[in-house]
>>> print(open('protein.txt').read())   # compact mmCIF, C-alpha atoms and all ligand atoms
# COMPACT_ATOMS: atom_id res chain seq x y z
CA MET Z 1 0.00 0.00 0.00
CA THR Z 2 3.00 2.31 -0.19
CA ASN Z 3 2.89 3.06 -3.93
CA ALA Z 4 3.55 6.78 -4.32
CA ILE Z 5 1.08 8.66 -6.47
CA GLU Z 6 2.75 10.15 -9.56
CA TYR Z 7 0.75 13.35 -9.69
CA ASP Z 8 2.50 14.53 -12.88
CA ARG Z 9 0.82 11.69 -14.67
CA TYR Z 10 -2.59 13.21 -13.93
CA ASP Z 11 -1.73 16.75 -14.98
CA ARG Z 12 -2.54 16.26 -18.64
CA ILE Z 13 -6.13 17.43 -18.50
CA ARG Z 14 -6.75 21.02 -17.46
CA PRO Z 15 -10.37 22.14 -17.98
CA ILE Z 16 -9.70 25.78 -17.10
CA ARG Z 17 -6.84 27.98 -18.40
CA TRP Z 18 -6.38 31.63 -17.59
CA THR Z 19 -4.33 33.33 -20.30
CA GLY Z 20 -4.15 36.77 -18.69
CA ALA Z 21 -6.56 38.12 -21.29
CA ALA Z 22 -9.26 35.46 -21.49
CA LEU Z 23 -10.58 32.34 -19.78
CA GLU Z 24 -10.20 29.18 -21.84
CA LEU Z 25 -12.57 26.33 -21.02
CA LEU Z 26 -12.08 22.82 -22.36
CA ASP Z 27 -15.45 22.46 -24.06
CA GLN Z 28 -16.98 19.40 -22.40
CA ARG Z 29 -19.93 19.36 -24.82
CA LYS Z 30 -17.53 18.21 -27.54
CA LEU Z 31 -15.55 15.54 -25.71
CA PRO Z 32 -14.33 12.88 -26.19
CA PHE Z 33 -13.86 13.25 -29.93
CA THR Z 34 -13.01 16.95 -30.12
CA VAL Z 35 -10.58 18.48 -27.65
CA GLU Z 36 -11.19 22.18 -28.06
CA TYR Z 37 -11.02 25.18 -25.74
CA LEU Z 38 -13.76 27.80 -25.71
CA SER Z 39 -12.35 31.28 -25.15
CA CYS Z 40 -14.39 33.59 -22.90
CA ALA Z 41 -13.52 37.29 -22.92
CA SER Z 42 -16.31 38.51 -20.63
CA SER Z 43 -18.06 37.41 -17.45
CA ASP Z 44 -21.33 36.97 -19.35
CA GLU Z 45 -19.60 34.57 -21.74
CA VAL Z 46 -18.39 32.61 -18.69
CA ALA Z 47 -21.94 32.57 -17.24
CA SER Z 48 -23.29 31.24 -20.56
CA ALA Z 49 -20.56 28.58 -20.72
CA ILE Z 50 -21.45 27.43 -17.19
CA HIS Z 51 -25.16 27.30 -18.00
CA ALA Z 52 -24.54 25.41 -21.27
CA LEU Z 53 -22.22 22.85 -19.54
CA ALA Z 54 -19.15 23.78 -21.60
CA VAL Z 55 -17.60 23.73 -18.12
CA ARG Z 56 -19.27 21.58 -15.48
CA GLY Z 57 -18.70 19.84 -12.16
CA ALA Z 58 -19.17 21.72 -8.88
CA PRO Z 59 -15.56 22.78 -8.17
CA ALA Z 60 -14.87 23.65 -11.83
CA ILE Z 61 -17.86 25.96 -12.12
CA GLY Z 62 -16.77 27.74 -8.92
CA ILE Z 63 -13.28 28.27 -10.34
CA ALA Z 64 -14.64 29.41 -13.71
CA ALA Z 65 -16.97 31.88 -11.96
CA ALA Z 66 -14.02 33.30 -9.97
CA TRP Z 67 -12.17 33.97 -13.23
CA GLY Z 68 -15.44 35.35 -14.61
CA ALA Z 69 -15.32 37.94 -11.83
CA VAL Z 70 -11.78 38.86 -12.92
CA LEU Z 71 -13.11 39.37 -16.46
CA ALA Z 72 -16.03 41.45 -15.15
CA ALA Z 73 -13.48 43.73 -13.50
CA ARG Z 74 -12.06 44.55 -16.93
CA ALA Z 75 -15.35 46.19 -17.87
CA ILE Z 76 -15.50 48.70 -14.98
CA GLU Z 77 -13.48 51.57 -13.48
CA ALA Z 78 -13.23 51.93 -9.70
CA GLY Z 79 -10.88 53.66 -7.26
CA ASP Z 80 -10.97 50.99 -4.56
CA GLY Z 81 -12.40 47.61 -3.58
CA ALA Z 82 -15.64 48.97 -2.11
CA GLU Z 83 -16.49 50.90 -5.27
CA ALA Z 84 -15.52 47.91 -7.43
CA ALA Z 85 -17.69 45.55 -5.35
CA ALA Z 86 -20.77 47.70 -5.92
CA LYS Z 87 -20.14 48.01 -9.65
CA LEU Z 88 -19.37 44.29 -10.09
CA GLU Z 89 -22.44 43.03 -8.26
CA PRO Z 90 -24.76 42.71 -11.30
CA ALA Z 91 -22.15 40.61 -13.16
CA LEU Z 92 -21.55 38.46 -10.06
CA GLN Z 93 -25.30 37.89 -9.74
CA ARG Z 94 -25.49 36.73 -13.36
CA LEU Z 95 -22.62 34.28 -12.76
CA ASN Z 96 -24.30 33.07 -9.57
CA THR Z 97 -27.57 32.20 -11.27
CA ALA Z 98 -25.93 30.25 -14.12
CA ARG Z 99 -26.58 27.00 -12.19
CA PRO Z 100 -28.46 26.69 -8.87
CA THR Z 101 -27.50 23.41 -7.16
CA ALA Z 102 -23.70 23.36 -6.76
CA VAL Z 103 -22.85 25.56 -3.79
CA ASN Z 104 -19.25 25.97 -5.03
CA LEU Z 105 -20.47 28.68 -7.40
CA ALA Z 106 -21.89 30.92 -4.64
CA TRP Z 107 -18.95 30.02 -2.39
CA ALA Z 108 -16.36 31.13 -4.95
CA LEU Z 109 -18.19 34.38 -5.67
CA ALA Z 110 -18.46 35.12 -1.93
CA ARG Z 111 -14.68 34.71 -1.70
CA MET Z 112 -14.22 37.09 -4.62
CA ARG Z 113 -16.42 39.69 -2.89
CA ARG Z 114 -14.45 39.28 0.35
CA ALA Z 115 -11.17 39.74 -1.55
CA LEU Z 116 -12.34 43.26 -2.42
CA THR Z 117 -13.02 44.18 1.21
CA GLY Z 118 -10.44 46.73 2.30
CA ALA Z 119 -8.63 46.63 -1.06
CA GLY Z 120 -7.29 49.95 -2.33
CA ALA Z 121 -6.30 51.00 -5.84
CA ASP Z 122 -4.78 47.54 -6.43
CA TRP Z 123 -8.20 45.82 -6.13
CA ARG Z 124 -7.81 44.16 -9.57
CA ASP Z 125 -4.66 42.34 -8.34
CA ALA Z 126 -6.57 41.24 -5.23
CA LEU Z 127 -9.27 39.66 -7.41
CA GLU Z 128 -6.80 37.86 -9.64
CA ARG Z 129 -4.85 36.54 -6.64
CA GLU Z 130 -8.06 35.19 -5.14
CA ALA Z 131 -9.14 33.41 -8.33
CA ARG Z 132 -5.72 31.79 -8.56
CA ALA Z 133 -5.87 30.78 -4.88
CA ILE Z 134 -9.31 29.17 -5.33
CA GLU Z 135 -7.92 27.11 -8.21
CA THR Z 136 -4.66 26.14 -6.47
CA GLU Z 137 -6.41 25.19 -3.23
CA ASP Z 138 -8.86 22.97 -5.14
CA LEU Z 139 -6.05 20.95 -6.71
CA ALA Z 140 -4.34 20.54 -3.32
CA ALA Z 141 -7.63 19.49 -1.68
CA ASN Z 142 -8.23 16.87 -4.37
CA ARG Z 143 -4.82 15.31 -3.89
CA ARG Z 144 -5.32 15.16 -0.15
CA MET Z 145 -8.82 13.69 -0.46
CA GLY Z 146 -7.55 11.13 -2.94
CA GLU Z 147 -5.16 9.71 -0.38
CA MET Z 148 -7.63 9.98 2.52
CA GLY Z 149 -10.46 8.33 0.60
CA ALA Z 150 -8.26 5.58 -0.79
CA SER Z 151 -7.12 4.71 2.74
CA LEU Z 152 -10.69 3.51 3.47
CA ILE Z 153 -10.65 1.01 0.61
CA ALA Z 154 -9.40 -2.53 1.21
CA SER Z 155 -6.93 -4.10 -1.19
CA GLY Z 156 -8.44 -5.66 -4.31
CA SER Z 157 -11.76 -3.81 -4.11
CA GLY Z 158 -14.09 -3.05 -6.99
CA VAL Z 159 -15.58 0.44 -7.24
CA LEU Z 160 -18.45 2.00 -9.14
CA THR Z 161 -18.56 5.73 -9.85
CA HIS Z 162 -21.22 8.03 -11.26
CA CYS Z 163 -21.10 11.15 -13.43
CA ASN Z 164 -17.71 12.80 -13.95
CA THR Z 165 -15.79 13.93 -10.90
CA GLY Z 166 -12.30 13.99 -12.40
CA SER Z 167 -9.85 16.59 -13.66
CA LEU Z 168 -12.57 17.87 -15.96
CA ALA Z 169 -14.83 18.70 -13.02
CA THR Z 170 -12.18 20.33 -10.83
CA ALA Z 171 -8.87 22.19 -10.99
CA GLY Z 172 -7.29 18.78 -11.62
CA PHE Z 173 -7.03 15.18 -10.29
CA GLY Z 174 -10.68 15.08 -9.24
CA THR Z 175 -12.74 14.26 -6.16
CA ALA Z 176 -14.27 10.76 -6.37
CA LEU Z 177 -12.10 10.11 -9.41
CA GLY Z 178 -9.10 11.35 -7.37
CA VAL Z 179 -9.85 8.63 -4.79
CA ILE Z 180 -10.08 6.11 -7.63
CA ARG Z 181 -6.79 7.34 -9.13
CA ALA Z 182 -5.08 7.11 -5.73
CA GLY Z 183 -6.69 3.74 -4.98
CA VAL Z 184 -5.52 2.28 -8.29
CA ALA Z 185 -2.00 3.71 -7.82
CA GLN Z 186 -1.84 2.12 -4.37
CA GLY Z 187 -3.09 -1.22 -5.62
CA ARG Z 188 -6.22 -1.07 -3.48
CA ILE Z 189 -8.67 -0.87 -6.37
CA GLY Z 190 -8.68 -3.84 -8.72
CA LYS Z 191 -11.66 -2.98 -10.87
CA VAL Z 192 -13.34 0.32 -11.84
CA PHE Z 193 -16.87 0.60 -13.20
CA ALA Z 194 -18.36 3.84 -14.48
CA ASP Z 195 -21.97 4.30 -15.37
CA GLU Z 196 -23.13 6.23 -18.40
CA THR Z 197 -24.95 8.95 -16.42
CA ARG Z 198 -27.89 9.66 -18.63
CA PRO Z 199 -29.04 11.90 -20.08
CA TRP Z 200 -25.94 14.05 -20.52
CA MET Z 201 -23.58 11.05 -20.48
CA GLN Z 202 -20.85 12.48 -18.23
CA GLY Z 203 -19.75 8.91 -17.45
CA SER Z 204 -19.52 7.56 -20.99
CA ARG Z 205 -18.28 10.76 -22.65
CA LEU Z 206 -15.95 12.06 -19.93
CA THR Z 207 -15.09 9.65 -17.10
CA VAL Z 208 -13.98 6.62 -19.08
CA TRP Z 209 -12.09 8.94 -21.48
CA GLU Z 210 -10.28 10.59 -18.56
CA LEU Z 211 -9.31 7.25 -17.06
CA GLN Z 212 -8.12 6.04 -20.46
CA GLN Z 213 -5.74 9.05 -20.63
CA ASP Z 214 -4.18 7.77 -17.39
CA GLY Z 215 -3.98 4.17 -18.54
CA ILE Z 216 -6.57 3.11 -15.92
CA ASP Z 217 -8.89 0.34 -17.10
CA ALA Z 218 -12.54 1.14 -16.57
CA THR Z 219 -15.65 -0.74 -17.58
CA LEU Z 220 -18.64 1.25 -18.72
CA ILE Z 221 -22.09 0.10 -17.65
CA ALA Z 222 -25.61 1.30 -18.40
CA ASP Z 223 -27.06 3.19 -15.43
CA ALA Z 224 -29.73 0.52 -15.23
CA ALA Z 225 -27.06 -2.19 -14.73
CA ALA Z 226 -25.82 -0.81 -11.40
CA SER Z 227 -27.97 -2.94 -9.06
CA HIS Z 228 -27.25 -6.05 -11.07
CA LEU Z 229 -23.52 -5.24 -10.85
CA MET Z 230 -23.70 -4.84 -7.07
CA LYS Z 231 -25.58 -8.12 -6.74
CA SER Z 232 -22.87 -9.84 -8.81
CA GLY Z 233 -20.33 -9.07 -6.08
CA GLN Z 234 -17.90 -7.14 -8.28
CA VAL Z 235 -18.26 -3.86 -6.40
CA ASP Z 236 -17.32 -3.08 -2.79
CA TRP Z 237 -17.61 0.71 -2.83
CA VAL Z 238 -19.72 3.24 -4.70
CA VAL Z 239 -17.62 6.43 -4.82
CA VAL Z 240 -19.27 9.68 -5.94
CA GLY Z 241 -18.78 13.44 -5.81
CA ALA Z 242 -21.18 16.10 -4.55
CA ASP Z 243 -22.69 19.41 -5.55
CA ARG Z 244 -23.87 20.42 -2.07
CA ILE Z 245 -23.48 18.71 1.30
CA CYS Z 246 -25.88 19.98 3.96
CA ALA Z 247 -25.35 20.49 7.69
CA ASN Z 248 -26.88 17.07 8.43
CA GLY Z 249 -24.83 15.27 5.75
CA ASP Z 250 -27.60 15.02 3.13
CA THR Z 251 -25.84 15.27 -0.23
CA ALA Z 252 -26.99 16.56 -3.60
CA ASN Z 253 -25.24 15.01 -6.58
CA LYS Z 254 -25.95 14.01 -10.17
CA ILE Z 255 -29.37 12.47 -10.76
CA GLY Z 256 -29.15 8.73 -10.16
CA THR Z 257 -26.86 8.99 -7.13
CA TYR Z 258 -29.75 8.44 -4.72
CA GLN Z 259 -30.79 5.16 -6.33
CA LEU Z 260 -27.15 3.99 -6.27
CA ALA Z 261 -27.06 4.69 -2.51
CA ILE Z 262 -30.30 2.77 -1.94
CA SER Z 263 -28.96 -0.14 -3.97
CA ALA Z 264 -25.59 -0.09 -2.19
CA HIS Z 265 -27.39 -0.20 1.16
CA HIS Z 266 -29.58 -3.09 0.00
CA HIS Z 267 -26.57 -5.08 -1.22
CA GLY Z 268 -24.33 -4.31 1.78
CA LYS Z 269 -21.89 -2.19 -0.27
CA LYS Z 270 -20.17 0.92 1.06
CA PHE Z 271 -21.07 4.39 -0.18
CA MET Z 272 -18.47 7.21 -0.18
CA VAL Z 273 -18.99 10.90 -1.03
CA VAL Z 274 -15.83 12.84 -1.88
CA ALA Z 275 -15.89 16.65 -2.07
CA PRO Z 276 -13.79 19.63 -1.00
CA SER Z 277 -15.04 21.68 1.95
CA SER Z 278 -16.15 24.31 -0.61
CA THR Z 279 -19.04 21.91 -1.37
CA VAL Z 280 -20.13 21.79 2.28
CA ASP Z 281 -23.01 24.17 3.02
CA MET Z 282 -23.52 24.36 6.79
CA ASP Z 283 -26.14 27.11 6.22
CA THR Z 284 -28.53 24.60 4.64
CA PRO Z 285 -29.87 22.30 7.38
CA SER Z 286 -31.01 19.41 5.19
CA GLY Z 287 -31.46 18.25 1.61
CA ASP Z 288 -35.11 19.38 1.63
CA GLN Z 289 -33.91 22.97 1.25
CA ILE Z 290 -31.68 22.38 -1.80
CA GLU Z 291 -32.83 23.80 -5.11
CA ILE Z 292 -32.65 20.99 -7.66
CA GLU Z 293 -31.79 22.21 -11.15
CA GLU Z 294 -34.27 21.16 -13.84
CA ARG Z 295 -32.85 21.40 -17.34
CA ASP Z 296 -34.46 21.53 -20.74
CA PRO Z 297 -36.45 18.31 -21.35
CA SER Z 298 -34.93 18.22 -24.83
CA GLU Z 299 -31.82 16.64 -23.17
CA LEU Z 300 -33.99 13.52 -22.76
CA LEU Z 301 -35.57 13.49 -26.17
CA GLY Z 302 -32.57 12.54 -28.26
CA VAL Z 303 -29.05 11.15 -28.31
CA SER Z 304 -26.12 13.17 -29.70
CA GLY Z 305 -28.47 15.64 -31.33
CA SER Z 306 -30.63 12.99 -33.04
CA ARG Z 307 -34.19 12.77 -31.84
CA THR Z 308 -35.13 9.34 -30.48
CA VAL Z 309 -38.54 10.12 -28.99
CA ALA Z 310 -41.81 10.60 -30.83
CA ASP Z 311 -43.07 14.14 -31.24
CA GLY Z 312 -45.46 15.37 -28.57
CA ILE Z 313 -43.93 13.37 -25.69
CA GLN Z 314 -43.39 15.25 -22.41
CA ALA Z 315 -40.25 14.76 -20.33
CA TRP Z 316 -39.13 15.83 -16.84
CA ASN Z 317 -35.41 16.48 -16.42
CA PRO Z 318 -34.23 17.08 -12.83
CA VAL Z 319 -30.44 16.80 -13.04
CA PHE Z 320 -29.57 16.29 -9.37
CA ASP Z 321 -31.03 14.33 -6.48
CA VAL Z 322 -30.43 14.20 -2.74
CA THR Z 323 -28.97 11.18 -0.98
CA PRO Z 324 -30.04 11.11 2.68
CA ALA Z 325 -27.17 11.11 5.17
CA GLU Z 326 -28.20 7.73 6.60
CA LEU Z 327 -27.26 6.03 3.31
CA ILE Z 328 -23.71 7.48 3.35
CA ASP Z 329 -20.84 5.58 4.99
CA ALA Z 330 -18.22 8.32 4.64
CA ILE Z 331 -17.96 11.93 3.48
CA VAL Z 332 -14.32 12.59 2.58
CA THR Z 333 -13.13 16.20 2.50
CA GLU Z 334 -9.66 17.73 2.77
CA LYS Z 335 -10.60 18.83 6.31
CA GLY Z 336 -11.39 15.33 7.46
CA ILE Z 337 -13.59 12.29 7.02
CA VAL Z 338 -17.10 12.25 8.47
CA GLU Z 339 -18.22 8.66 8.91
CA HIS Z 340 -21.97 7.99 9.11
CA PRO Z 341 -22.71 11.72 8.91
CA ASN Z 342 -25.15 13.46 11.22
CA PRO Z 343 -25.40 17.12 12.32
CA GLU Z 344 -23.08 16.65 15.30
CA ARG Z 345 -20.34 14.85 13.32
CA MET Z 346 -20.61 17.45 10.54
CA ARG Z 347 -20.25 20.31 13.05
CA ALA Z 348 -17.19 18.65 14.59
CA VAL Z 349 -15.33 18.96 11.26
CA PHE Z 350 -16.88 22.05 9.64
CA GLY Z 351 -18.02 24.13 12.62
CA ALA Z 352 -21.44 25.67 13.15
CA ALA Z 353 -23.14 27.67 10.39
C1 LIG P 1 -16.18 16.90 -8.64
S1 LIG P 1 -17.66 17.04 -9.44
C2 LIG P 1 -18.95 16.68 -8.30
C3 LIG P 1 -20.28 16.90 -8.91
O1 LIG P 1 -20.34 18.20 -9.42
C4 LIG P 1 -20.60 15.87 -10.00
O2 LIG P 1 -20.74 14.62 -9.41
C5 LIG P 1 -21.86 16.27 -10.70
O3 LIG P 1 -22.94 15.99 -10.26
C6 LIG P 1 -21.71 17.14 -11.89
O4 LIG P 1 -22.92 17.52 -12.48
P1 LIG P 1 -22.87 18.36 -13.82
O5 LIG P 1 -24.32 18.57 -14.16
O6 LIG P 1 -22.14 17.55 -14.83
O7 LIG P 1 -22.18 19.67 -13.49
>>> encode(input="protein.txt", output="structure tokens", more="lines below")
Ligand SMILES: CSC[C@@H](O)[C@@H](O)C(=O)COP(=O)(O)O
Amino acid sequence: MTNAIEYDRYDRIRPIRWTGAALELLDQRKLPFTVEYLSCASSDEVASAIHALAVRGAPAIGIAAAWGAVLAARAIEAGDGAEAAAKLEPALQRLNTARPTAVNLAWALARMRRALTGAGADWRDALEREARAIETEDLAANRRMGEMGASLIASGSGVLTHCNTGSLATAGFGTALGVIRAGVAQGRIGKVFADETRPWMQGSRLTVWELQQDGIDATLIADAAASHLMKSGQVDWVVVGADRICANGDTANKIGTYQLAISAHHHGKKFMVVAPSSTVDMDTPSGDQIEIEERDPSELLGVSGSRTVADGIQAWNPVFDVTPAELIDAIVTEKGIVEHPNPERMRAVFGAA
């Protein structure tokens, strides 16, 4: 179990690049066949890219929004941080409403506002420093969580993951996928399964592609095959990311996570949530208070742009669900692991709201 993790090996995919003049986003709508960066020169372009899923994954949209605030600053004149904060607020609000469920977006923008507090004429530098810090800290948190989460996994285990929680969804390395990378490097994980994650196909288009870049074998399954897989005994842990973790441990993540947790519980498999503390929202008492994003039903009506459903059919497209804390064995963050989360154990690691 002493295999060192060669982090350089995982540095090949960077979803977010700041050029000094523009924000470049690896366009996740086009992967895996086209690797192309979308250049955003204004905060409104960043907000549109977040809404359209050109950049996606809770930590990545927080980082992109932080750089969006830096771009918004280019469009205003202000003598100090207080004046800048007032003038930037409309742009920050537009970034904030680009997607509702992942708390990392609001968290990153709150940090950007705080960076302006007390800043003088050099307020633009303060903003840029903060955006860079948010990005750098995310990468460090992912590496730490990777090692912490992997330490829970017994040698030779099989894991199943959902959605995409890798480099593409973060500053790099990933959350749940970081645990999988670390677990494979340490020889703990023998077999990786990824589900397709309908309807947007983050698993089949992004996760298995990311793992292939690292030379990690992964087996793709249909979402509907997950319970059958667990029953077959090939999986010991379900390892997922999060978009918002509440004060009681209830966790919002990609639609389908909840049914994986129910199935894991039924089959006696362990269920791990991996997320940086920027995903923890101690101000929201429970999952009942989380706004669940509903996207355009057209995402369900076709595959790769080709319509597969008869005209006139209605569809409902909630893109996240909430897994109750009692179905979670461990929440892994860079601040610590909360086993069998409840309000008291959450407070012990993250403090009171
Ligand atoms: C490290 S990413 C964690 C979550 O953001 C991820 O599991 C997820 O649900 C992403 O949803 P998406 O709609 O693709 O942004």
>>> residues_around(input="protein.txt", residues="Z:Gly79", least_positions_apart="5", cutoff="8 Å", atoms="all atoms listed in the file", output="list of chain:residue names")
Z:Ala84, Z:Gly120, Z:Ala121
>>> closest_atom_pairs(input="protein.txt", of="stretch 52-152 of chain Z", to="stretch 283-294 of chain Z", cutoff="12 Å", atoms="all atoms listed in the file", output="Markdown table")
| residue | atom | partner | partner_atom | distance |
| --- | --- | --- | --- | --- |
| Z:Thr97 | CA | Z:Glu293 | CA | 10.8 |
| Z:Ala98 | CA | Z:Glu293 | CA | 10.4 |
| Z:Arg99 | CA | Z:Glu293 | CA | 7.2 |
| Z:Pro100 | CA | Z:Glu293 | CA | 6.0 |
| Z:Thr101 | CA | Z:Ile292 | CA | 5.7 |
| Z:Ala102 | CA | Z:Glu293 | CA | 9.3 |
| Z:Val103 | CA | Z:Ile290 | CA | 9.6 |
| Z:Trp107 | CA | Z:Asp283 | CA | 11.6 |
>>> residues_near_point(input="protein.txt", point="(-9.9, 39.0, -3.7)", cutoff="7 Å", atoms="all atoms listed in the file", output="list of chain:residue names")
Z:Arg111, Z:Met112, Z:Arg113, Z:Arg114, Z:Ala115, Z:Leu116, Z:Ala126, Z:Leu127, Z:Glu128, Z:Arg129, Z:Glu130
>>> atom_distance(input="protein.txt", atom1="atom CA of Z:Leu23", atom2="atom CA of Z:Ser277")
24.6 Å
>>> closest_atom_pairs(input="protein.txt", of="chain Z", to="ligand LIG 1 (chain P)", cutoff="8 Å", atoms="only C-alpha atoms and all ligand atoms", output="CSV")
residue,atom,partner,partner_atom,distance
Z:Leu53,CA,P:LIG1,O7,6.8
Z:Val55,CA,P:LIG1,O7,7.7
Z:Arg56,CA,P:LIG1,O7,4.0
Z:Gly57,CA,P:LIG1,O1,3.6
Z:Ala58,CA,P:LIG1,O1,3.7
Z:Pro59,CA,P:LIG1,C1,5.9
Z:Ala60,CA,P:LIG1,S1,7.6
Z:Ile61,CA,P:LIG1,O7,7.8
Z:Ala102,CA,P:LIG1,O1,6.7
Z:His162,CA,P:LIG1,O2,6.9
Z:Cys163,CA,P:LIG1,O2,5.3
Z:Asn164,CA,P:LIG1,O2,5.8
Z:Thr165,CA,P:LIG1,C1,3.8
Z:Gly166,CA,P:LIG1,C1,6.1
Z:Ala169,CA,P:LIG1,S1,4.9
Z:Thr170,CA,P:LIG1,C1,5.7
Z:Gly174,CA,P:LIG1,C1,5.8
Z:Thr175,CA,P:LIG1,C1,5.0
Z:Ala176,CA,P:LIG1,C1,6.8
Z:Leu177,CA,P:LIG1,C1,8.0
Z:Trp200,CA,P:LIG1,O6,7.7
Z:Gln202,CA,P:LIG1,O6,6.2
Z:Val240,CA,P:LIG1,O2,6.2
Z:Gly241,CA,P:LIG1,C2,4.1
Z:Ala242,CA,P:LIG1,C2,4.4
Z:Asp243,CA,P:LIG1,O1,4.7
Z:Ala252,CA,P:LIG1,O3,7.8
Z:Asn253,CA,P:LIG1,O3,4.4
Z:Lys254,CA,P:LIG1,O3,3.6
Z:Ile255,CA,P:LIG1,O3,7.3
Z:Val274,CA,P:LIG1,C1,7.9
Z:Ala275,CA,P:LIG1,C1,6.6
Z:Val319,CA,P:LIG1,O5,6.5
Z:Phe320,CA,P:LIG1,O3,6.7
>>> axis_aligned_box(input="protein.txt", around="stretch 120-130 of chain Z", padding_each_side="8 Å", output="AutoDock Vina command-line options")
--center_x -7.0 --center_y 43.1 --center_z -6.0 --size_x 20.6 --size_y 31.8 --size_z 23.3
>>> closest_residue(input="protein.txt", among="Z:Ile13, Z:Leu327, Z:Ala194, Z:Ala247", to="Z:Asn342", atoms="all atoms listed in the file")
Z:Ala247
>>> atom_distance(input="protein.txt", atom1="atom CA of Z:Asp122", atom2="atom CA of Z:Ala21")
17.7 Å
>>> residues_around(input="protein.txt", residues="Z:Arg144", least_positions_apart="3", cutoff="6 Å", atoms="all atoms listed in the file", output="number ranges by chain")
Z: 141, 147, 334
>>> residues_near_point(input="protein.txt", point="(-26.3, 1.8, -3.7)", cutoff="9 Å", atoms="only C-alpha atoms", output="list in words")
Ala226, Ser227, Met230, Trp237, Val238, Thr257, Tyr258, Gln259, Leu260, Ala261, Ile262, Ser263, Ala264, His265, His266, His267, Gly268, Lys269, Lys270, Phe271 and Leu327 of chain Z
>>> closest_residue(input="protein.txt", among="Z:Ser155, Z:Thr279, Z:Ser298, Z:Ser48", to="Z:Ile331", atoms="only C-alpha atoms")
Z:Thr279
>>> closest_residue(input="protein.txt", among="Z:Arg12, Z:Ala47, Z:Asp281, Z:Glu6", to="Z:Leu211", atoms="only C-alpha atoms")
Z:Arg12
>>> decode(input="protein.txt", residues="stretch 310-321 of chain Z", atoms="N, CA and C atoms", output="PDB file, in the first residue's frame")
ATOM      1  N   ALA Z 310     -40.738  10.105 -29.949  1.00  0.00           N
ATOM      2  CA  ALA Z 310     -41.815  10.597 -30.834  1.00  0.00           C
ATOM      3  C   ALA Z 310     -42.190  12.035 -30.486  1.00  0.00           C
ATOM      4  N   ASP Z 311     -42.613  12.772 -31.465  1.00  0.00           N
ATOM      5  CA  ASP Z 311     -43.071  14.145 -31.240  1.00  0.00           C
ATOM      6  C   ASP Z 311     -44.238  14.141 -30.260  1.00  0.00           C
ATOM      7  N   GLY Z 312     -44.310  15.200 -29.465  1.00  0.00           N
ATOM      8  CA  GLY Z 312     -45.458  15.368 -28.574  1.00  0.00           C
ATOM      9  C   GLY Z 312     -45.289  14.694 -27.223  1.00  0.00           C
ATOM     10  N   ILE Z 313     -44.149  14.034 -26.987  1.00  0.00           N
ATOM     11  CA  ILE Z 313     -43.927  13.366 -25.695  1.00  0.00           C
ATOM     12  C   ILE Z 313     -43.377  14.389 -24.691  1.00  0.00           C
ATOM     13  N   GLN Z 314     -43.895  14.354 -23.457  1.00  0.00           N
ATOM     14  CA  GLN Z 314     -43.388  15.245 -22.412  1.00  0.00           C
ATOM     15  C   GLN Z 314     -42.281  14.548 -21.640  1.00  0.00           C
ATOM     16  N   ALA Z 315     -41.340  15.345 -21.133  1.00  0.00           N
ATOM     17  CA  ALA Z 315     -40.253  14.764 -20.333  1.00  0.00           C
ATOM     18  C   ALA Z 315     -39.972  15.674 -19.140  1.00  0.00           C
ATOM     19  N   TRP Z 316     -39.502  15.086 -18.059  1.00  0.00           N
ATOM     20  CA  TRP Z 316     -39.129  15.833 -16.839  1.00  0.00           C
ATOM     21  C   TRP Z 316     -37.648  15.579 -16.614  1.00  0.00           C
ATOM     22  N   ASN Z 317     -36.872  16.640 -16.432  1.00  0.00           N
ATOM     23  CA  ASN Z 317     -35.411  16.484 -16.422  1.00  0.00           C
ATOM     24  C   ASN Z 317     -34.730  17.134 -15.213  1.00  0.00           C
ATOM     25  N   PRO Z 318     -35.007  16.602 -13.988  1.00  0.00           N
ATOM     26  CA  PRO Z 318     -34.230  17.081 -12.834  1.00  0.00           C
ATOM     27  C   PRO Z 318     -32.822  16.510 -12.959  1.00  0.00           C
ATOM     28  N   VAL Z 319     -31.783  17.315 -12.754  1.00  0.00           N
ATOM     29  CA  VAL Z 319     -30.436  16.802 -13.043  1.00  0.00           C
ATOM     30  C   VAL Z 319     -29.623  16.498 -11.777  1.00  0.00           C
ATOM     31  N   PHE Z 320     -30.217  16.698 -10.625  1.00  0.00           N
ATOM     32  CA  PHE Z 320     -29.570  16.288  -9.372  1.00  0.00           C
ATOM     33  C   PHE Z 320     -30.603  15.593  -8.497  1.00  0.00           C
ATOM     34  N   ASP Z 321     -30.133  14.824  -7.508  1.00  0.00           N
ATOM     35  CA  ASP Z 321     -31.032  14.325  -6.476  1.00  0.00           C
ATOM     36  C   ASP Z 321     -30.297  14.379  -5.149  1.00  0.00           C
TER      37      ASP Z 321
END
